[in-house]
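Data file: target.cif. Format and content: mmCIF, C-alpha atoms and all ligand atoms.
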```cif
data_upload
loop_
_atom_site.label_atom_id
_atom_site.label_comp_id
_atom_site.auth_asym_id
_atom_site.auth_seq_id
_atom_site.Cartn_x
_atom_site.Cartn_y
_atom_site.Cartn_z
CA MET W 1 21.26 -2.69 -17.22
CA LEU W 2 22.15 -6.21 -16.05
CA GLU W 3 21.20 -7.14 -12.49
CA ARG W 4 24.89 -7.76 -11.66
CA GLU W 5 25.79 -4.19 -12.68
CA ILE W 6 22.86 -2.83 -10.67
CA LEU W 7 23.98 -4.68 -7.55
CA ASP W 8 27.59 -3.54 -8.01
CA ARG W 9 26.45 0.04 -8.52
CA ALA W 10 24.28 -0.16 -5.40
CA ALA W 11 27.28 -1.46 -3.44
CA ARG W 12 29.52 1.40 -4.64
CA ARG W 13 26.84 3.95 -3.81
CA ARG W 14 26.81 2.99 -0.13
CA PRO W 15 28.62 5.86 1.57
CA TYR W 16 29.46 4.02 4.79
CA GLY W 17 31.02 0.59 5.23
CA ARG W 18 28.28 -0.85 7.45
CA ASP W 19 25.32 0.00 5.25
CA VAL W 20 22.45 -1.84 3.74
CA ARG W 21 21.37 -2.84 0.24
CA LEU W 22 17.59 -2.93 0.20
CA LEU W 23 15.38 -4.51 -2.46
CA VAL W 24 11.97 -2.79 -2.59
CA THR W 25 9.35 -4.62 -4.65
CA GLY W 26 6.45 -2.55 -5.97
CA GLY W 27 8.48 0.64 -5.52
CA ALA W 28 6.70 2.36 -8.43
CA GLY W 29 3.28 1.93 -6.77
CA PHE W 30 1.62 4.23 -4.24
CA ILE W 31 3.04 3.12 -0.89
CA GLY W 32 6.25 1.69 -2.34
CA ALA W 33 7.13 4.96 -4.13
CA ASN W 34 6.50 6.95 -0.96
CA PHE W 35 8.66 4.44 0.94
CA VAL W 36 11.50 4.87 -1.56
CA HIS W 37 11.28 8.70 -1.29
CA HIS W 38 11.23 8.43 2.51
CA THR W 39 14.25 6.10 2.48
CA VAL W 40 16.33 8.20 0.09
CA VAL W 41 15.77 11.30 2.26
CA GLN W 42 15.89 9.79 5.75
CA ARG W 43 18.37 6.97 5.20
CA PRO W 44 21.24 8.02 2.91
CA ASP W 45 23.15 4.98 4.23
CA VAL W 46 20.75 2.66 2.36
CA ALA W 47 21.17 1.73 -1.32
CA VAL W 48 17.73 1.10 -2.82
CA ILE W 49 16.97 -1.26 -5.70
CA VAL W 50 13.37 -1.20 -6.92
CA LEU W 51 11.81 -4.23 -8.60
CA ASP W 52 8.52 -3.40 -10.30
CA SER W 53 6.71 -4.81 -13.34
CA LEU W 54 4.94 -1.46 -14.02
CA THR W 55 1.37 -2.74 -14.22
CA TYR W 56 -1.37 -0.15 -14.79
CA ALA W 57 -0.84 0.78 -11.09
CA GLY W 58 2.92 1.32 -11.33
CA ASN W 59 4.22 4.67 -12.50
CA ARG W 60 7.87 5.33 -13.28
CA ALA W 61 7.15 9.08 -12.94
CA SER W 62 6.58 8.60 -9.20
CA LEU W 63 10.34 8.02 -8.86
CA ALA W 64 11.52 10.55 -11.47
CA SER W 65 12.78 13.14 -8.97
CA ILE W 66 15.06 10.56 -7.27
CA ASP W 67 16.01 8.51 -10.31
CA ASP W 68 19.72 9.19 -9.92
CA ARG W 69 19.65 7.94 -6.31
CA ILE W 70 18.09 4.51 -6.84
CA ASP W 71 18.38 1.55 -9.20
CA PHE W 72 15.31 0.34 -11.02
CA VAL W 73 14.71 -3.18 -12.35
CA HIS W 74 11.68 -3.65 -14.59
CA GLY W 75 10.54 -7.17 -13.78
CA ASP W 76 8.04 -9.50 -12.20
CA VAL W 77 8.16 -10.77 -8.60
CA ALA W 78 6.77 -14.08 -9.86
CA ASP W 79 9.89 -14.52 -12.06
CA ALA W 80 11.80 -16.79 -9.67
CA ASN W 81 15.08 -16.63 -11.61
CA LEU W 82 15.18 -12.84 -11.67
CA VAL W 83 14.16 -12.64 -8.01
CA ASP W 84 16.88 -15.14 -7.07
CA ARG W 85 19.57 -13.10 -8.84
CA LEU W 86 18.47 -9.86 -7.16
CA VAL W 87 17.96 -11.23 -3.65
CA ARG W 88 21.39 -12.88 -3.71
CA GLY W 89 23.03 -9.43 -3.68
CA VAL W 90 21.02 -7.58 -1.02
CA ASP W 91 20.80 -7.43 2.78
CA ALA W 92 17.02 -7.02 3.10
CA VAL W 93 13.79 -7.09 1.10
CA VAL W 94 10.63 -5.06 1.68
CA HIS W 95 7.82 -6.60 -0.36
CA PHE W 96 5.13 -4.09 -1.38
CA ALA W 97 4.37 -5.41 -4.88
CA ALA W 98 0.80 -6.62 -5.21
CA GLU W 99 -2.41 -6.36 -7.13
CA SER W 100 -4.07 -4.08 -4.60
CA HIS W 101 -7.61 -3.11 -5.68
CA ASN W 102 -10.63 -4.99 -4.33
CA ASP W 103 -12.95 -4.04 -7.21
CA ASN W 104 -10.49 -5.42 -9.78
CA SER W 105 -10.17 -8.66 -7.83
CA LEU W 106 -13.93 -9.18 -8.11
CA ALA W 107 -13.75 -8.68 -11.88
CA ASP W 108 -10.69 -10.93 -12.44
CA PRO W 109 -8.95 -12.72 -9.54
CA TRP W 110 -6.16 -14.39 -11.58
CA PRO W 111 -3.55 -11.58 -11.52
CA PHE W 112 -4.10 -11.41 -7.74
CA VAL W 113 -3.31 -15.08 -7.28
CA ARG W 114 -0.25 -14.87 -9.50
CA THR W 115 1.32 -11.73 -8.05
CA ASN W 116 0.19 -11.87 -4.44
CA VAL W 117 0.59 -15.60 -3.86
CA VAL W 118 3.09 -16.92 -6.44
CA GLY W 119 5.16 -13.70 -6.26
CA THR W 120 5.46 -14.03 -2.48
CA VAL W 121 6.61 -17.66 -2.75
CA SER W 122 9.26 -16.67 -5.26
CA LEU W 123 10.64 -14.05 -2.81
CA LEU W 124 10.41 -16.40 0.17
CA GLN W 125 12.40 -19.09 -1.63
CA ALA W 126 15.14 -16.58 -2.47
CA VAL W 127 15.39 -15.00 1.02
CA ARG W 128 15.48 -18.49 2.46
CA ARG W 129 18.30 -19.53 0.13
CA TYR W 130 20.48 -16.48 0.91
CA ASP W 131 19.34 -15.85 4.52
CA VAL W 132 18.17 -12.33 3.69
CA ARG W 133 16.01 -10.29 6.11
CA TYR W 134 12.45 -10.01 4.75
CA HIS W 135 9.60 -7.66 5.61
CA HIS W 136 6.17 -8.47 4.26
CA ILE W 137 3.68 -5.65 3.66
CA SER W 138 0.10 -6.71 4.23
CA THR W 139 -3.32 -5.33 5.01
CA ASP W 140 -5.90 -5.19 7.80
CA GLU W 141 -8.37 -6.70 5.32
CA VAL W 142 -7.07 -10.18 6.14
CA TYR W 143 -9.17 -9.96 9.34
CA GLY W 144 -12.45 -9.44 7.47
CA ASP W 145 -14.67 -6.68 8.84
CA LEU W 146 -16.18 -5.45 12.11
CA PRO W 147 -19.71 -4.32 12.89
CA LEU W 148 -20.39 -0.58 12.77
CA ASP W 149 -20.57 1.18 16.15
CA ASP W 150 -18.68 -1.55 17.99
CA PRO W 151 -15.80 -0.86 20.37
CA ARG W 152 -13.74 -3.81 19.12
CA ARG W 153 -10.72 -3.29 16.89
CA PHE W 154 -8.38 -5.70 15.09
CA THR W 155 -5.35 -6.92 17.05
CA GLU W 156 -2.50 -9.26 16.10
CA ALA W 157 -4.59 -12.09 17.66
CA THR W 158 -7.72 -11.54 15.54
CA PRO W 159 -8.48 -14.65 13.43
CA TYR W 160 -8.12 -14.32 9.66
CA ASN W 161 -11.44 -14.01 7.80
CA PRO W 162 -10.88 -12.34 4.41
CA SER W 163 -13.88 -11.32 2.29
CA SER W 164 -12.66 -10.49 -1.23
CA PRO W 165 -10.38 -12.32 -3.67
CA TYR W 166 -7.81 -9.54 -3.02
CA SER W 167 -7.85 -9.95 0.76
CA ALA W 168 -7.90 -13.74 0.46
CA THR W 169 -4.68 -13.64 -1.60
CA LYS W 170 -3.08 -11.27 0.92
CA ALA W 171 -4.12 -13.59 3.76
CA SER W 172 -2.58 -16.51 1.82
CA SER W 173 0.67 -14.59 1.39
CA ASP W 174 0.83 -13.84 5.14
CA MET W 175 0.35 -17.53 5.91
CA LEU W 176 3.13 -18.43 3.49
CA VAL W 177 5.47 -16.02 5.29
CA ARG W 178 4.58 -17.59 8.65
CA ALA W 179 5.21 -21.08 7.26
CA TRP W 180 8.62 -20.12 5.80
CA THR W 181 9.58 -18.53 9.14
CA ARG W 182 8.60 -21.54 11.19
CA SER W 183 9.74 -24.32 8.86
CA PHE W 184 12.85 -22.76 7.30
CA GLY W 185 13.90 -20.10 9.82
CA VAL W 186 13.40 -17.21 7.39
CA ARG W 187 14.07 -13.90 9.20
CA ALA W 188 10.71 -12.31 8.44
CA THR W 189 8.32 -9.78 9.93
CA ILE W 190 4.80 -8.91 8.72
CA SER W 191 2.83 -5.69 9.01
CA ASN W 192 -0.92 -5.32 8.44
CA CYS W 193 -1.87 -1.71 7.85
CA SER W 194 -5.17 0.12 7.47
CA ASN W 195 -6.20 2.40 4.56
CA ASN W 196 -3.47 4.75 3.37
CA TYR W 197 -3.88 8.15 1.77
CA GLY W 198 -1.40 10.68 0.38
CA PRO W 199 0.44 11.55 -2.85
CA TYR W 200 1.02 9.12 -5.77
CA GLN W 201 -2.09 6.99 -5.06
CA HIS W 202 -3.77 5.58 -8.17
CA VAL W 203 -7.00 7.36 -9.16
CA GLU W 204 -8.99 4.13 -8.92
CA LYS W 205 -8.85 4.34 -5.09
CA PHE W 206 -11.56 6.14 -3.10
CA ILE W 207 -9.85 9.38 -2.03
CA PRO W 208 -7.92 10.19 -5.23
CA ARG W 209 -10.93 9.18 -7.31
CA GLN W 210 -13.13 11.73 -5.54
CA ILE W 211 -10.43 14.45 -5.51
CA THR W 212 -9.85 14.09 -9.26
CA ASN W 213 -13.61 13.96 -9.88
CA LEU W 214 -13.98 17.24 -7.98
CA ILE W 215 -11.08 18.85 -9.89
CA ASP W 216 -12.98 17.89 -13.08
CA GLY W 217 -16.33 19.17 -11.74
CA VAL W 218 -17.79 15.63 -11.32
CA ARG W 219 -19.77 14.71 -8.18
CA PRO W 220 -18.09 12.22 -5.79
CA ARG W 221 -19.46 8.66 -5.94
CA LEU W 222 -20.29 6.71 -2.79
CA TYR W 223 -20.80 2.95 -2.87
CA GLY W 224 -24.07 1.75 -1.31
CA ALA W 225 -25.20 3.98 1.53
CA GLY W 226 -21.70 5.38 2.20
CA ARG W 227 -21.74 4.13 5.80
CA ASN W 228 -18.67 1.86 5.52
CA VAL W 229 -15.86 2.84 7.86
CA ARG W 230 -12.14 2.87 7.04
CA ASP W 231 -9.28 3.62 9.45
CA TRP W 232 -7.20 6.23 7.57
CA ILE W 233 -3.45 6.65 7.99
CA HIS W 234 -1.11 8.95 6.08
CA VAL W 235 1.26 6.94 3.87
CA ASP W 236 4.33 8.56 5.52
CA ASP W 237 3.17 7.26 8.91
CA HIS W 238 2.77 3.77 7.43
CA ASN W 239 6.30 3.95 6.06
CA SER W 240 7.90 5.23 9.28
CA ALA W 241 6.30 2.23 10.99
CA VAL W 242 7.75 -0.12 8.37
CA TRP W 243 11.21 1.30 9.09
CA ALA W 244 10.68 0.83 12.84
CA ILE W 245 9.78 -2.83 12.24
CA LEU W 246 12.68 -3.40 9.84
CA GLU W 247 15.15 -2.07 12.37
CA ARG W 248 13.69 -3.13 15.70
CA GLY W 249 10.92 -5.65 14.99
CA ARG W 250 11.04 -9.15 16.46
CA ILE W 251 11.64 -11.86 13.87
CA GLY W 252 8.47 -13.89 13.32
CA GLN W 253 6.25 -11.13 14.74
CA THR W 254 3.24 -9.51 13.08
CA TYR W 255 2.61 -5.80 13.81
CA LEU W 256 -0.62 -3.95 13.09
CA ILE W 257 -0.18 -0.41 11.78
CA GLY W 258 -2.89 2.22 12.25
CA ALA W 259 -3.31 5.79 13.43
CA ASP W 260 -6.80 5.84 15.03
CA GLY W 261 -8.32 7.40 11.91
CA GLU W 262 -11.79 5.83 11.72
CA LEU W 263 -14.26 7.70 9.49
CA ASP W 264 -17.19 6.63 7.38
CA ASN W 265 -17.06 7.27 3.65
CA ARG W 266 -19.74 9.97 3.80
CA ALA W 267 -17.63 11.92 6.31
CA VAL W 268 -14.59 11.72 4.00
CA VAL W 269 -16.65 12.97 1.06
CA ARG W 270 -18.09 15.81 3.18
CA LEU W 271 -14.55 16.94 4.10
CA LEU W 272 -13.54 16.87 0.44
CA LEU W 273 -16.63 18.83 -0.66
CA GLU W 274 -15.82 21.40 2.03
CA GLN W 275 -12.25 21.74 0.73
CA PHE W 276 -13.56 22.36 -2.80
CA GLY W 277 -16.13 24.89 -1.54
CA CYS W 278 -19.05 22.67 -2.68
CA ASP W 279 -22.42 21.94 -1.11
CA PRO W 280 -22.10 19.01 1.40
CA ALA W 281 -24.92 17.17 -0.44
CA ASP W 282 -23.20 17.34 -3.85
CA PHE W 283 -22.44 13.62 -4.21
CA ASP W 284 -24.06 10.53 -5.78
CA PHE W 285 -24.73 7.04 -4.46
CA VAL W 286 -23.65 4.32 -6.90
CA THR W 287 -23.84 0.51 -7.07
CA ASP W 288 -22.36 -1.10 -3.94
CA ARG W 289 -19.28 -3.34 -4.05
CA ALA W 290 -20.11 -7.09 -3.78
CA GLY W 291 -19.19 -8.37 -0.31
CA HIS W 292 -18.28 -4.80 0.76
CA ASP W 293 -16.52 -4.90 4.17
CA LEU W 294 -18.37 -2.74 6.70
CA ARG W 295 -15.65 -1.48 9.00
CA TYR W 296 -11.92 -1.78 9.62
CA ALA W 297 -10.31 -0.57 12.86
CA ILE W 298 -6.76 -1.12 14.07
CA ASP W 299 -5.38 -1.41 17.58
CA ALA W 300 -1.70 -0.53 17.09
CA SER W 301 -0.75 -0.80 20.79
CA LEU W 302 1.97 -3.41 20.16
CA LEU W 303 3.73 -1.25 17.58
CA ARG W 304 3.52 1.81 19.85
CA SER W 305 4.59 0.13 23.08
CA GLU W 306 7.23 -2.28 21.80
CA LEU W 307 8.82 -0.20 19.05
CA GLY W 308 8.03 3.30 20.33
CA TRP W 309 6.34 4.28 17.04
CA SER W 310 3.76 7.06 16.82
CA PRO W 311 2.17 8.78 13.81
CA ARG W 312 3.42 12.25 12.80
CA PHE W 313 0.29 13.34 10.93
CA GLY W 314 -2.29 14.60 13.42
CA GLU W 315 -5.52 15.89 11.91
CA PHE W 316 -6.89 13.88 8.98
CA ARG W 317 -8.37 17.14 7.63
CA ASP W 318 -4.85 18.62 7.27
CA GLY W 319 -3.38 15.53 5.62
CA LEU W 320 -6.34 15.49 3.26
CA ALA W 321 -5.84 19.18 2.38
CA GLN W 322 -2.18 18.46 1.59
CA THR W 323 -3.26 15.50 -0.59
CA VAL W 324 -5.81 17.65 -2.45
CA ARG W 325 -3.05 20.21 -3.15
CA TRP W 326 -0.81 17.45 -4.48
CA TYR W 327 -3.44 16.24 -6.98
CA ARG W 328 -4.18 19.85 -8.06
CA ASP W 329 -0.44 20.49 -8.60
CA ASN W 330 0.38 17.18 -10.30
CA GLN W 331 -2.31 16.73 -12.94
CA ALA W 332 0.19 15.41 -15.49
CA TRP W 333 0.87 12.51 -13.11
CA TRP W 334 -2.77 11.28 -12.98
CA ARG W 335 -4.50 12.55 -16.15
CA ALA W 336 -3.45 9.58 -18.30
CA GLY W 337 -5.00 7.02 -15.92
CA LYS W 338 -8.22 8.89 -15.12
CA ALA W 339 -10.27 8.25 -18.27
CA SER W 340 -9.34 4.54 -18.44
CA THR W 341 -10.15 4.12 -14.75
CA GLU W 342 -13.61 5.62 -15.18
CA ARG W 343 -14.21 3.47 -18.29
CA ASN W 344 -13.23 0.46 -16.20
CA TYR W 345 -15.74 1.34 -13.45
CA ALA W 346 -18.49 1.80 -16.04
CA ALA W 347 -17.61 -1.56 -17.64
CA GLN W 348 -17.82 -3.21 -14.20
CA GLY W 349 -21.47 -2.04 -14.09
CA GLU W 350 -21.26 0.98 -11.79
CA THR W 351 -24.46 3.03 -12.06
CA THR W 352 -25.89 5.97 -10.14
CA LEU W 353 -28.61 4.91 -7.66
CA ARG W 354 -30.21 8.20 -6.62
P1 LIG E 1 -0.37 -0.15 -5.82
O1 LIG E 1 -1.38 -0.93 -6.60
O2 LIG E 1 -0.42 1.33 -5.84
O3 LIG E 1 1.10 -0.57 -6.28
C1 LIG E 1 1.47 -1.89 -6.52
C2 LIG E 1 2.82 -1.88 -7.26
O4 LIG E 1 3.22 -3.24 -7.45
C3 LIG E 1 2.76 -1.23 -8.65
O5 LIG E 1 3.88 -0.40 -8.85
C4 LIG E 1 2.79 -2.41 -9.60
O6 LIG E 1 3.37 -2.11 -10.86
C5 LIG E 1 3.63 -3.39 -8.81
N1 LIG E 1 3.38 -4.80 -9.20
C6 LIG E 1 2.17 -5.41 -9.35
N2 LIG E 1 2.35 -6.68 -9.75
C7 LIG E 1 3.69 -6.88 -9.81
C8 LIG E 1 4.50 -7.99 -10.14
N3 LIG E 1 3.95 -9.18 -10.48
N4 LIG E 1 5.84 -7.86 -10.08
C9 LIG E 1 6.40 -6.67 -9.74
N5 LIG E 1 5.69 -5.58 -9.44
C10 LIG E 1 4.35 -5.68 -9.47
O7 LIG E 1 -0.46 -0.72 -4.34
P2 LIG E 1 -0.29 0.04 -2.94
O8 LIG E 1 -1.57 0.64 -2.55
O9 LIG E 1 0.94 0.86 -3.00
O10 LIG E 1 -0.06 -1.22 -1.98
C11 LIG E 1 1.26 -1.70 -1.74
C12 LIG E 1 1.20 -2.83 -0.75
O11 LIG E 1 0.62 -2.37 0.47
C13 LIG E 1 0.34 -4.01 -1.19
O12 LIG E 1 0.97 -5.20 -0.78
C14 LIG E 1 -0.98 -3.82 -0.45
O13 LIG E 1 -1.61 -5.04 -0.23
C15 LIG E 1 -0.49 -3.21 0.84
N6 LIG E 1 -1.43 -2.32 1.55
C16 LIG E 1 -2.04 -1.29 0.91
C17 LIG E 1 -2.85 -0.41 1.63
C18 LIG E 1 -3.52 0.78 0.98
O14 LIG E 1 -4.30 1.47 1.64
N7 LIG E 1 -3.26 1.07 -0.29
C19 LIG E 1 -3.05 -0.62 3.01
C20 LIG E 1 -2.43 -1.72 3.62
C21 LIG E 1 -1.60 -2.55 2.88
O1 LIG E 2 -7.55 -1.55 4.46
C1 LIG E 2 -6.43 -1.60 3.64
C2 LIG E 2 -6.85 -1.69 2.20
O2 LIG E 2 -7.34 -0.41 1.84
C3 LIG E 2 -5.73 -2.12 1.27
O3 LIG E 2 -5.37 -3.44 1.58
C4 LIG E 2 -6.16 -2.04 -0.20
O4 LIG E 2 -5.06 -2.32 -1.03
C5 LIG E 2 -6.65 -0.64 -0.47
O5 LIG E 2 -7.13 -0.55 -1.80
C6 LIG E 2 -7.75 -0.27 0.50
O6 LIG E 2 -8.93 -1.10 0.28
P1 LIG E 2 -10.41 -0.48 0.29
O7 LIG E 2 -11.26 -1.37 -0.52
O8 LIG E 2 -10.82 -0.12 1.66
O9 LIG E 2 -10.10 0.91 -0.50
P2 LIG E 2 -10.86 1.71 -1.65
O10 LIG E 2 -10.09 2.97 -1.85
O11 LIG E 2 -11.14 0.88 -2.84
O12 LIG E 2 -12.26 2.05 -0.95
C7 LIG E 2 -12.33 2.71 0.30
C8 LIG E 2 -13.81 2.79 0.70
O13 LIG E 2 -14.49 3.67 -0.20
C9 LIG E 2 -14.53 1.46 0.59
O14 LIG E 2 -15.52 1.40 1.60
C10 LIG E 2 -15.21 1.50 -0.78
C11 LIG E 2 -15.56 2.98 -0.90
N1 LIG E 2 -15.60 3.57 -2.26
C12 LIG E 2 -14.56 3.32 -3.11
C13 LIG E 2 -14.54 3.90 -4.36
C14 LIG E 2 -13.40 3.63 -5.33
C15 LIG E 2 -16.64 4.40 -2.61
O15 LIG E 2 -17.58 4.65 -1.83
N2 LIG E 2 -16.61 5.00 -3.83
C16 LIG E 2 -15.61 4.78 -4.73
O16 LIG E 2 -15.64 5.34 -5.85
#
```

Using structure tokens, write down the structure from this file.
Ligand code: NAD
Ligand code: DAU
Amino acid sequence: MLEREILDRAARRRPYGRDVRLLVTGGAGFIGANFVHHTVVQRPDVAVIVLDSLTYAGNRASLASIDDRIDFVHGDVADANLVDRLVRGVDAVVHFAAESHNDNSLADPWPFVRTNVVGTVSLLQAVRRYDVRYHHISTDEVYGDLPLDDPRRFTEATPYNPSSPYSATKASSDMLVRAWTRSFGVRATISNCSNNYGPYQHVEKFIPRQITNLIDGVRPRLYGAGRNVRDWIHVDDHNSAVWAILERGRIGQTYLIGADGELDNRAVVRLLLEQFGCDPADFDFVTDRAGHDLRYAIDASLLRSELGWSPRFGEFRDGLAQTVRWYRDNQAWWRAGKASTERNYAAQGETTLR
């Protein structure tokens, strides 16, 4: 379908006169797809247009159950002409599309530079031209890492210090958004979130990789000594925070998103082994990631105090159990990507240490 028809259809679909047409980039990926589901259910006043190039990480099936309630454009955020035509017809953009996996960025950084940096510039130029509200989805990894067993956490004032090609491209994209806000008055906000978990996450990522290994009777695989700490948040809590920022966030402001979910990787694997009824020692240590960040930890006080946001998911154990159920019940969704993902890890030199 032509973009013009998609925009007209989105306009007709809006049930109330005052409502919003929202362009969601990367809406077939993990967080973007959950955001689109959340929006369709919680915000029937919003007409959603998804722009996604369906890389290995994008999955059209993630949107299948709501296909008749959204419009989907198969295209690239770095295609400035396409982006211009789409942005011209909407009220706001939420930019999730990215190359998102650290390990892949170590193997080949070029797609990261193209999508994460060039793609962001192409969106910024279009929102600038048509004065469209823009929300930029970013990561806590732009701040580098923290020592283990240290009370400090990242805040909006922490200096940028990215470690991997992935996080360096995300840091670049944040800086570009800041520059376009200051120099051209673009109405933008930025959020930097910690590690998400939940349904529709690609099996290359830590939690779904171990869940799908366990479903297949394969031992979980921990990088290095498994002591690295991540600050876990359920994807629905991330997305409710994005909505809070879109609606009530201050233009030009960065908000950190996190739910006080610090755990080391061994602890996550132990919880998973428990849920599968396995011995807590049934895992393997494998080759560590080059430059592996030690610890991420978010102080989300600004988001909580200024925008009144709080997470809905309480116990990580419960959210994890729900996620395990989802992967058990949706094997058709992930089977196709599992074998190629594991081949990819082997090709990148992953070997069992002990
Ligand atoms: P993902 O890899 O699951 O999905 C990325 C999506 O973007 C895919 O659908 C893919 O097809 C699409 N895409 C990639 N290149 C594109 C291009 N050039 N044009 C159009 N679409 C393209 O990623 P995710 O985990 O859902 O992450 C989404 C965003 O959230 C990213 O910006 C990421 O940096 C950020 N983020 C992720 C996490 C996390 O824990 N996963 C945490 C904080 C921030
Ligand atoms: O902090 C936010 C970031 O979280 C996002 O910006 C990234 O897009 C997202 O991929 C995620 O990055 P991480 O590198 O932290 O996530 P990953 O799932 O790759 O790894 C989580 C931790 O688990 C990390 O310490 C590496 C480790 N790990 C990972 C895999 C795939 C293992 O021990 N074994 C594994 O098999």

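Of the residues under consideration (W:Thr158, W:Thr287, W:Asn192, W:Ser100), W:Ser100 shows the shortest atom-to-atom contact distance to Thr55 of chain W when counting all atoms listed in the file.
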
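Across the model, the gap from atom CA of Ile215 of chain W to atom CA of Tyr56 of chain W is 21.9 Å.
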
Using only C-alpha atoms and all ligand atoms, find each protein or nucleic acid residue lying at most 6 Å from ligand LIG 1 (chain E); present the set as a ChimeraX atom specification. /W:26-32,52-55,57-58,75-78,96-100,115,137-139,193-196,201-202

What is the distance between atom CA of Ser62 of chain W and atom CA of Ala33 of chain W, in Å to one decimal? 6.3 Å

Which segment 90-162 of chain W residues have any atom within 12 Å of an atom of segment 257-264 of chain W, and for each, what is the nearest pair of atoms with distance in Å to one decimal, counting all atoms listed in the file, rows sorted by chain and number, as a tab-separated table?
```
residue	atom	partner	partner_atom	distance
W:Ile137	CA	W:Ile257	CA	10.4
W:Ser138	CA	W:Ile257	CA	9.8
W:Thr139	CA	W:Ile257	CA	8.9
W:Asp140	CA	W:Ile257	CA	8.5
W:Leu148	CA	W:Asp264	CA	9.6
W:Asp149	CA	W:Asp264	CA	10.9
W:Asp150	CA	W:Glu262	CA	11.9
W:Pro151	CA	W:Glu262	CA	11.6
W:Arg153	CA	W:Asp260	CA	10.1
W:Phe154	CA	W:Gly258	CA	10.0
W:Thr155	CA	W:Ile257	CA	9.8
W:Glu156	CA	W:Ile257	CA	10.1
```

Rows by chain and residue number, chain W within 6 Å of ligand LIG 2 (chain E), shortest pair, all atoms listed in the file, as CSV:
```
residue,atom,partner,partner_atom,distance
W:Ser100,CA,E:LIG2,O4,4.1
W:His101,CA,E:LIG2,O5,4.7
W:Asn102,CA,E:LIG2,O7,5.3
W:Thr139,CA,E:LIG2,O3,4.4
W:Asp140,CA,E:LIG2,O1,5.2
W:Glu141,CA,E:LIG2,O1,5.3
W:Ser194,CA,E:LIG2,O1,4.2
W:Asn195,CA,E:LIG2,O2,4.1
W:Glu204,CA,E:LIG2,C14,5.7
W:Lys205,CA,E:LIG2,O10,3.7
W:Phe206,CA,E:LIG2,O10,3.7
W:Arg221,CA,E:LIG2,O16,5.1
W:Leu222,CA,E:LIG2,O15,3.5
W:Tyr223,CA,E:LIG2,O15,3.8
W:Gly226,CA,E:LIG2,O15,5.8
W:Asn228,CA,E:LIG2,O14,5.0
W:Asn265,CA,E:LIG2,O13,5.9
```

Work out how far atom CA of Gly291 of chain W is from atom CA of Ser164 of chain W, in Å to one decimal. 6.9 Å

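Compared by their closest atoms to Ser301 of chain W, and using only C-alpha atoms, the residues W:Leu256, W:Ala267, W:Ala347, W:Ala126 rank with W:Leu256 nearest.
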
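Ranking W:Trp243, W:Ala64, W:Ser340, W:His95 by their shortest atom-to-atom distance to Gln42 of chain W, with all atoms listed in the file included, puts W:Trp243 first.
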
Mind checking which residues fall within 8 Å of segment 166-182 of chain W, counting all atoms listed in the file, ignoring those fewer than 2 positions away in the same chain, and posting them as JSON, numbers by chain? {"W": [99, 100, 101, 102, 105, 106, 109, 112, 113, 116, 117, 120, 121, 124, 128, 136, 138, 139, 141, 142, 160, 162, 163, 164, 184, 185, 186, 187, 188, 190, 252]}

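Distance annotation: of W:Leu22, W:Trp110, W:Gln348, W:Asp279, the residue with the minimal separation from Pro44 of chain W is W:Leu22; atom set is all atoms listed in the file.
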
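Proximity of W:Val73, W:Ala332, W:Val48, W:Ala297 to Val93 of chain W, computed with all atoms listed in the file, is greatest for W:Val48.
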
Long-range neighbours of Leu294 of chain W as a ChimeraX atom specification, 8 Å cut-off, only C-alpha atoms, 4 positions minimum in chain: /W:145-148,227-229

Restricting the output to C-alpha atoms, write the selected residues as a PDB file, in the coordinates of the input.
```
ATOM      1  CA  ASP W 145     -14.670  -6.680   8.840  1.00  0.00           C
ATOM      2  CA  LEU W 146     -16.180  -5.450  12.110  1.00  0.00           C
ATOM      3  CA  PRO W 147     -19.710  -4.320  12.890  1.00  0.00           C
ATOM      4  CA  LEU W 148     -20.390  -0.580  12.770  1.00  0.00           C
ATOM      5  CA  ARG W 227     -21.740   4.130   5.800  1.00  0.00           C
ATOM      6  CA  ASN W 228     -18.670   1.860   5.520  1.00  0.00           C
ATOM      7  CA  VAL W 229     -15.860   2.840   7.860  1.00  0.00           C
TER       8      VAL W 229
END
```

Between W:Ala80, W:Val218, W:Val235, W:Ala92, which is the closest to Phe313 of chain W once you count all atoms listed in the file? W:Val235

All residues 10 Å or closer to Tyr327 of chain W, only C-alpha atoms, same chain fewer than 2 positions away omitted, as a PyMOL selection string: chain W and resi 198-201+203+208+211-212+215+322-325+329-335

Save out the residues we just selected, C-alpha atoms, as a CSV table (one decimal), keeping the file's coordinate frame.
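Saved to result.csv:
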```csv
chain,number,residue,atom,x,y,z
W,198,GLY,CA,-1.4,10.7,0.4
W,199,PRO,CA,0.4,11.6,-2.8
W,200,TYR,CA,1.0,9.1,-5.8
W,201,GLN,CA,-2.1,7.0,-5.1
W,203,VAL,CA,-7.0,7.4,-9.2
W,208,PRO,CA,-7.9,10.2,-5.2
W,211,ILE,CA,-10.4,14.4,-5.5
W,212,THR,CA,-9.8,14.1,-9.3
W,215,ILE,CA,-11.1,18.8,-9.9
W,322,GLN,CA,-2.2,18.5,1.6
W,323,THR,CA,-3.3,15.5,-0.6
W,324,VAL,CA,-5.8,17.6,-2.4
W,325,ARG,CA,-3.0,20.2,-3.2
W,329,ASP,CA,-0.4,20.5,-8.6
W,330,ASN,CA,0.4,17.2,-10.3
W,331,GLN,CA,-2.3,16.7,-12.9
W,332,ALA,CA,0.2,15.4,-15.5
W,333,TRP,CA,0.9,12.5,-13.1
W,334,TRP,CA,-2.8,11.3,-13.0
W,335,ARG,CA,-4.5,12.6,-16.2
```
